[in-house]
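Before any comments, here is the structure.
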Amino acid sequence: KTALTDSAPAVDTTSPAAFTISIDTTGPNAWYVNDSVTVGDSFTTAAGNASYAGFAPHRPLASISAVMPLLTGGDTVYVDVGTYNETFSITVDSVTIQGADSRWTVVDPPGDSGTANLFACSTANRVFLTIADISFTGANKGINFYNVDSSVVRSCSFVLDAQRGIDLDANSSGDTVTGCYARGIIVGISNSGNANVFSGNTSDSNGRNFSIGGTGCNVTNNIARGATGVFGEGFFFNGGSLTVTGNTAAGNGKAGFSLGSGAGNVFTQNTATG
């Protein structure tokens with residue numbers, strides 16, 4: 001039995017010391033991002049909120065850019081169905097940005113696509129990145145890589161960006177762009193880097209569908225069609241030691257395959273029509 005007495009312990013009525021809850025971000029972690037609705041969502045069960053931690057499907061953050069400062073190597077960011085009016089830059093290595101579907105996860109930066117340096121995703125000096133299943137639209141460039149190596153852009157779409165859908169600069173090497181789609185841009189898929197791989201992409205109705213420079217790149221099983229305007233070229237090659245195999249150019253205004261400078265290039269089993 002417990003004896004009851006009239007005495008009671010003293011109560012400290014002073015304000016407690018301030019405290020914070022620390023989130024372990026040493027990773028690898030899964031992060032979740034959602035817009036303001038949950039209709040058709042794949043990864044999350046609640047609307048995004050800037051006050052959430054973003055660690056769980058029922059507590060997603062509201063923007064991709066909000067996650068970027070929190071990332072550590074090995075992290076994956078799951079970006080659900082929705083339109084995200086923002087730009088973002090990946091600032092750590094070995095990170096995956098995974099959309100739900102390139103038809104439904106859309107990054108559309110605020111402002112006019114003709115604005116210089118309005119890049120939906122602009123990333124520099126990183127390695128081992130993956131960006132997948134996201135649509136980039138209404139930017140000056142959809143994805144701009146500067147000195148980004150050994151990275152993958154997979155199953156993304158680039159629609160109505162002004163200058164470039166995806167642009168790999170001369171310092172980017174060992175990257176792979178695969179299963180992507182570009183339409184309505186001056187240059188759909190652009191490369192100046194070395195030893196990059198472009199496979200299974202479709203570039204449709206751009207001024208120049210593919211522009212491939214650099215050295216040692218592999219261009220395989222891509223489709224270029226309907227290029228218009230001043231360029232009107234399906235594939236433009238301006239590099240050396242390129243391997244170009246199994247590509248199809250159809251219905252381009254001026255040329256299916258156009259060669260600039262460069263030497264040691266190998267072309268096999270490519271098709272040009274119309």
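Chain labels follow the order of the structure tokens: the first chain is A, the next B, and so on; residue numbering restarts at 1 in every chain, and ligands are counted from 1 in their shown order.
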
Problem - Neighbour list for Asp112 of chain A as a PyMOL selection string, cut-off 12 Å, only C-alpha atoms, skip fewer than 2 positions in-chain - result: chain A and resi 108-110+114-120+137-141+160-162

Test item: residues at most 9 Å from Thr123 of chain A, only C-alpha atoms, excluding those fewer than 2 positions along its chain, as a ChimeraX atom specification = /A:88-91,121,125-126,143-148

Exercise for the section: Using only C-alpha atoms, determine which residues lie at most 10 Å from Gly251 of chain A, disregarding the query and same-chain residues fewer than 2 positions distant; provide the list as a list in words. Expected result: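 Those residues are Asp204, Ser205, Ala224, Arg225, Gly226, Ala227, Thr228, Gly232, Glu233, Gly234, Ala249, Gly253, Lys254, Ala255, Gly256, Ala272, Thr273 and Gly274 of chain A.
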
Using N, CA, C and O atoms, can you write the selected residues to a file as a short mmCIF file (atom, residue, chain, number, x, y, z; two decimals), in the first residue's frame?
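And here's out30.cif as it stands now:
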```cif
data_model
loop_
_atom_site.label_atom_id
_atom_site.label_comp_id
_atom_site.auth_asym_id
_atom_site.auth_seq_id
_atom_site.Cartn_x
_atom_site.Cartn_y
_atom_site.Cartn_z
N ASP A 204 13.28 16.13 -79.74
CA ASP A 204 12.20 16.29 -80.73
C ASP A 204 11.85 17.77 -80.91
O ASP A 204 11.56 18.47 -79.93
N SER A 205 11.93 18.23 -82.15
CA SER A 205 11.44 19.58 -82.49
C SER A 205 12.18 20.69 -81.75
O SER A 205 11.59 21.68 -81.31
N ALA A 224 16.61 11.61 -82.96
CA ALA A 224 16.54 13.06 -83.18
C ALA A 224 15.59 13.32 -84.34
O ALA A 224 15.81 12.84 -85.45
N ARG A 225 14.54 14.08 -84.07
CA ARG A 225 13.57 14.29 -85.14
C ARG A 225 13.01 15.71 -85.11
O ARG A 225 12.93 16.35 -84.07
N GLY A 226 12.64 16.18 -86.29
CA GLY A 226 11.89 17.43 -86.40
C GLY A 226 12.63 18.68 -86.02
O GLY A 226 12.00 19.67 -85.62
N ALA A 227 13.97 18.72 -86.14
CA ALA A 227 14.70 19.94 -85.83
C ALA A 227 14.32 21.04 -86.81
O ALA A 227 14.13 20.80 -88.01
N THR A 228 14.21 22.27 -86.30
CA THR A 228 13.73 23.38 -87.12
C THR A 228 14.63 24.59 -86.93
O THR A 228 15.59 24.57 -86.16
N GLY A 232 18.36 23.46 -87.49
CA GLY A 232 17.64 22.41 -88.19
C GLY A 232 18.37 21.08 -88.25
O GLY A 232 18.20 20.31 -89.20
N GLU A 233 19.18 20.78 -87.21
CA GLU A 233 20.03 19.59 -87.25
C GLU A 233 19.58 18.56 -86.22
O GLU A 233 19.30 18.90 -85.05
N GLY A 234 19.56 17.31 -86.65
CA GLY A 234 19.25 16.23 -85.72
C GLY A 234 20.39 16.03 -84.75
O GLY A 234 20.24 16.17 -83.53
N ALA A 249 17.92 9.66 -87.10
CA ALA A 249 17.57 11.05 -87.36
C ALA A 249 16.46 11.06 -88.40
O ALA A 249 16.61 10.46 -89.47
N GLY A 253 15.10 19.57 -90.34
CA GLY A 253 14.95 20.55 -91.40
C GLY A 253 16.13 20.66 -92.34
O GLY A 253 15.95 20.85 -93.55
N LYS A 254 17.36 20.56 -91.84
CA LYS A 254 18.53 20.78 -92.68
C LYS A 254 19.46 19.58 -92.77
O LYS A 254 20.04 19.33 -93.83
N ALA A 255 19.66 18.87 -91.65
CA ALA A 255 20.58 17.72 -91.67
C ALA A 255 20.22 16.75 -90.58
O ALA A 255 19.87 17.14 -89.47
N GLY A 256 20.34 15.48 -90.91
CA GLY A 256 20.17 14.46 -89.88
C GLY A 256 21.40 14.36 -89.01
O GLY A 256 21.33 14.39 -87.78
N ALA A 272 19.40 7.97 -91.24
CA ALA A 272 18.87 9.32 -91.45
C ALA A 272 17.80 9.25 -92.53
O ALA A 272 18.04 8.70 -93.62
N THR A 273 16.61 9.79 -92.24
CA THR A 273 15.52 9.85 -93.21
C THR A 273 14.89 11.23 -93.19
O THR A 273 14.96 11.96 -92.20
N GLY A 274 14.25 11.56 -94.31
CA GLY A 274 13.45 12.78 -94.40
C GLY A 274 14.25 14.04 -94.28
O GLY A 274 13.74 15.07 -93.88
#
```

| message | For segment 52-67 of chain A, find every residue with an atom within 6 Å (counting only C-alpha atoms), except residues of its own chain fewer than 6 positions away, and show them as a ChimeraX atom specification. | response | /A:31-35,44-46,88

Gly82 of chain A environment, 9 Å, only C-alpha atoms, sequence neighbours closer than 4 positions dropped, as a PyMOL selection string:
chain A and resi 34-38+41+104-107

Would you save the residues from that selection as a PDB file, in the first residue's frame, using N, CA, C and O atoms?
```pdb
ATOM      1  N   ASN A  34       6.935  17.253 -51.047  1.00  0.00           N
ATOM      2  CA  ASN A  34       5.639  17.232 -51.720  1.00  0.00           C
ATOM      3  C   ASN A  34       5.124  18.657 -51.872  1.00  0.00           C
ATOM      4  O   ASN A  34       5.512  19.561 -51.133  1.00  0.00           O
ATOM      5  N   ASP A  35       4.238  18.831 -52.848  1.00  0.00           N
ATOM      6  CA  ASP A  35       3.588  20.132 -52.995  1.00  0.00           C
ATOM      7  C   ASP A  35       2.433  20.213 -52.000  1.00  0.00           C
ATOM      8  O   ASP A  35       2.409  19.503 -50.999  1.00  0.00           O
ATOM      9  N   SER A  36       1.451  21.049 -52.285  1.00  0.00           N
ATOM     10  CA  SER A  36       0.390  21.318 -51.304  1.00  0.00           C
ATOM     11  C   SER A  36      -0.780  20.349 -51.373  1.00  0.00           C
ATOM     12  O   SER A  36      -1.740  20.484 -50.611  1.00  0.00           O
ATOM     13  N   VAL A  37      -0.742  19.371 -52.282  1.00  0.00           N
ATOM     14  CA  VAL A  37      -1.842  18.414 -52.391  1.00  0.00           C
ATOM     15  C   VAL A  37      -1.280  16.995 -52.402  1.00  0.00           C
ATOM     16  O   VAL A  37      -0.089  16.773 -52.646  1.00  0.00           O
ATOM     17  N   THR A  38      -2.160  16.029 -52.161  1.00  0.00           N
ATOM     18  CA  THR A  38      -1.737  14.626 -52.111  1.00  0.00           C
ATOM     19  C   THR A  38      -2.334  13.778 -53.229  1.00  0.00           C
ATOM     20  O   THR A  38      -2.064  12.578 -53.293  1.00  0.00           O
ATOM     21  N   ASP A  41      -0.226  11.079 -55.456  1.00  0.00           N
ATOM     22  CA  ASP A  41       1.136  10.995 -54.940  1.00  0.00           C
ATOM     23  C   ASP A  41       1.649   9.556 -54.884  1.00  0.00           C
ATOM     24  O   ASP A  41       0.884   8.607 -54.721  1.00  0.00           O
ATOM     25  N   TRP A 104       4.872  14.083 -64.214  1.00  0.00           N
ATOM     26  CA  TRP A 104       4.086  14.631 -63.108  1.00  0.00           C
ATOM     27  C   TRP A 104       4.907  15.326 -62.028  1.00  0.00           C
ATOM     28  O   TRP A 104       4.354  16.086 -61.231  1.00  0.00           O
ATOM     29  N   THR A 105       6.186  15.063 -61.944  1.00  0.00           N
ATOM     30  CA  THR A 105       7.056  15.814 -61.040  1.00  0.00           C
ATOM     31  C   THR A 105       7.758  16.872 -61.873  1.00  0.00           C
ATOM     32  O   THR A 105       8.615  16.550 -62.701  1.00  0.00           O
ATOM     33  N   VAL A 106       7.388  18.130 -61.680  1.00  0.00           N
ATOM     34  CA  VAL A 106       7.786  19.212 -62.585  1.00  0.00           C
ATOM     35  C   VAL A 106       8.491  20.318 -61.810  1.00  0.00           C
ATOM     36  O   VAL A 106       7.973  20.810 -60.802  1.00  0.00           O
ATOM     37  N   VAL A 107       9.664  20.706 -62.294  1.00  0.00           N
ATOM     38  CA  VAL A 107      10.362  21.879 -61.759  1.00  0.00           C
ATOM     39  C   VAL A 107      10.244  22.988 -62.795  1.00  0.00           C
ATOM     40  O   VAL A 107      10.756  22.875 -63.914  1.00  0.00           O
TER      41      VAL A 107
END
```

(message) Could you go through segment 67-122 of chain A and tell me which residues DSSP, when run on the backbone, assigns to strand (DSSP E), listing them as a ChimeraX atom specification?
(response) /A:76-79,82-84,96-99,105-107,119-122

request  = Would you list the contacts of Gly246 of chain A as a list in words, taking every protein, DNA or RNA residue within 6 Å and counting only C-alpha atoms, but skipping same-chain residues closer than 3 positions in sequence?
outcome  =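 These residues fall inside the cut-off: Thr220, Asn221, Gln269 and Asn270 of chain A.
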
Pairwise distance, atom CA of Ala250 of chain A with atom CA of Arg154 of chain A, equals 23.2 Å

| said: Residues near Thr130 of chain A, anyone? I mean within 8 Å using only C-alpha atoms, not counting same-chain ones fewer than 6 positions away, as an NGL selection string. | reply: :A and (94-98 or 151-154)

Self-check item: Length of the atom CA of Gly165 of chain A to atom CA of Leu70 of chain A vector [Å]
Solution: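 If I compute the distance from atom CA of Gly165 of chain A to atom CA of Leu70 of chain A, I get 27.1 Å.
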
Using DSSP on the backbone, list every residue of segment 39-213 of chain A that comes out as helix (DSSP H, G or I), and give them as an MDAnalysis selection string.
chainID A and resid 64:70

Selected residues written out with C-alpha atoms, as a JSON list (two decimals), in the first residue's frame:
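In the end it all went to out30.json:
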```json
[["chain", "number", "residue", "atom", "x", "y", "z"],
["A", 64, "ILE", "CA", 13.47, 20.66, -53.13],
["A", 65, "SER", "CA", 15.69, 23.62, -52.28],
["A", 66, "ALA", "CA", 14.76, 23.30, -48.58],
["A", 67, "VAL", "CA", 16.38, 19.86, -48.48],
["A", 68, "MET", "CA", 19.64, 20.82, -50.18],
["A", 69, "PRO", "CA", 21.42, 22.31, -47.12],
["A", 70, "LEU", "CA", 20.55, 19.20, -45.07]]
```

A straight line from atom CA of Ile131 of chain A to atom CA of Asn218 of chain A spans 19.8 Å
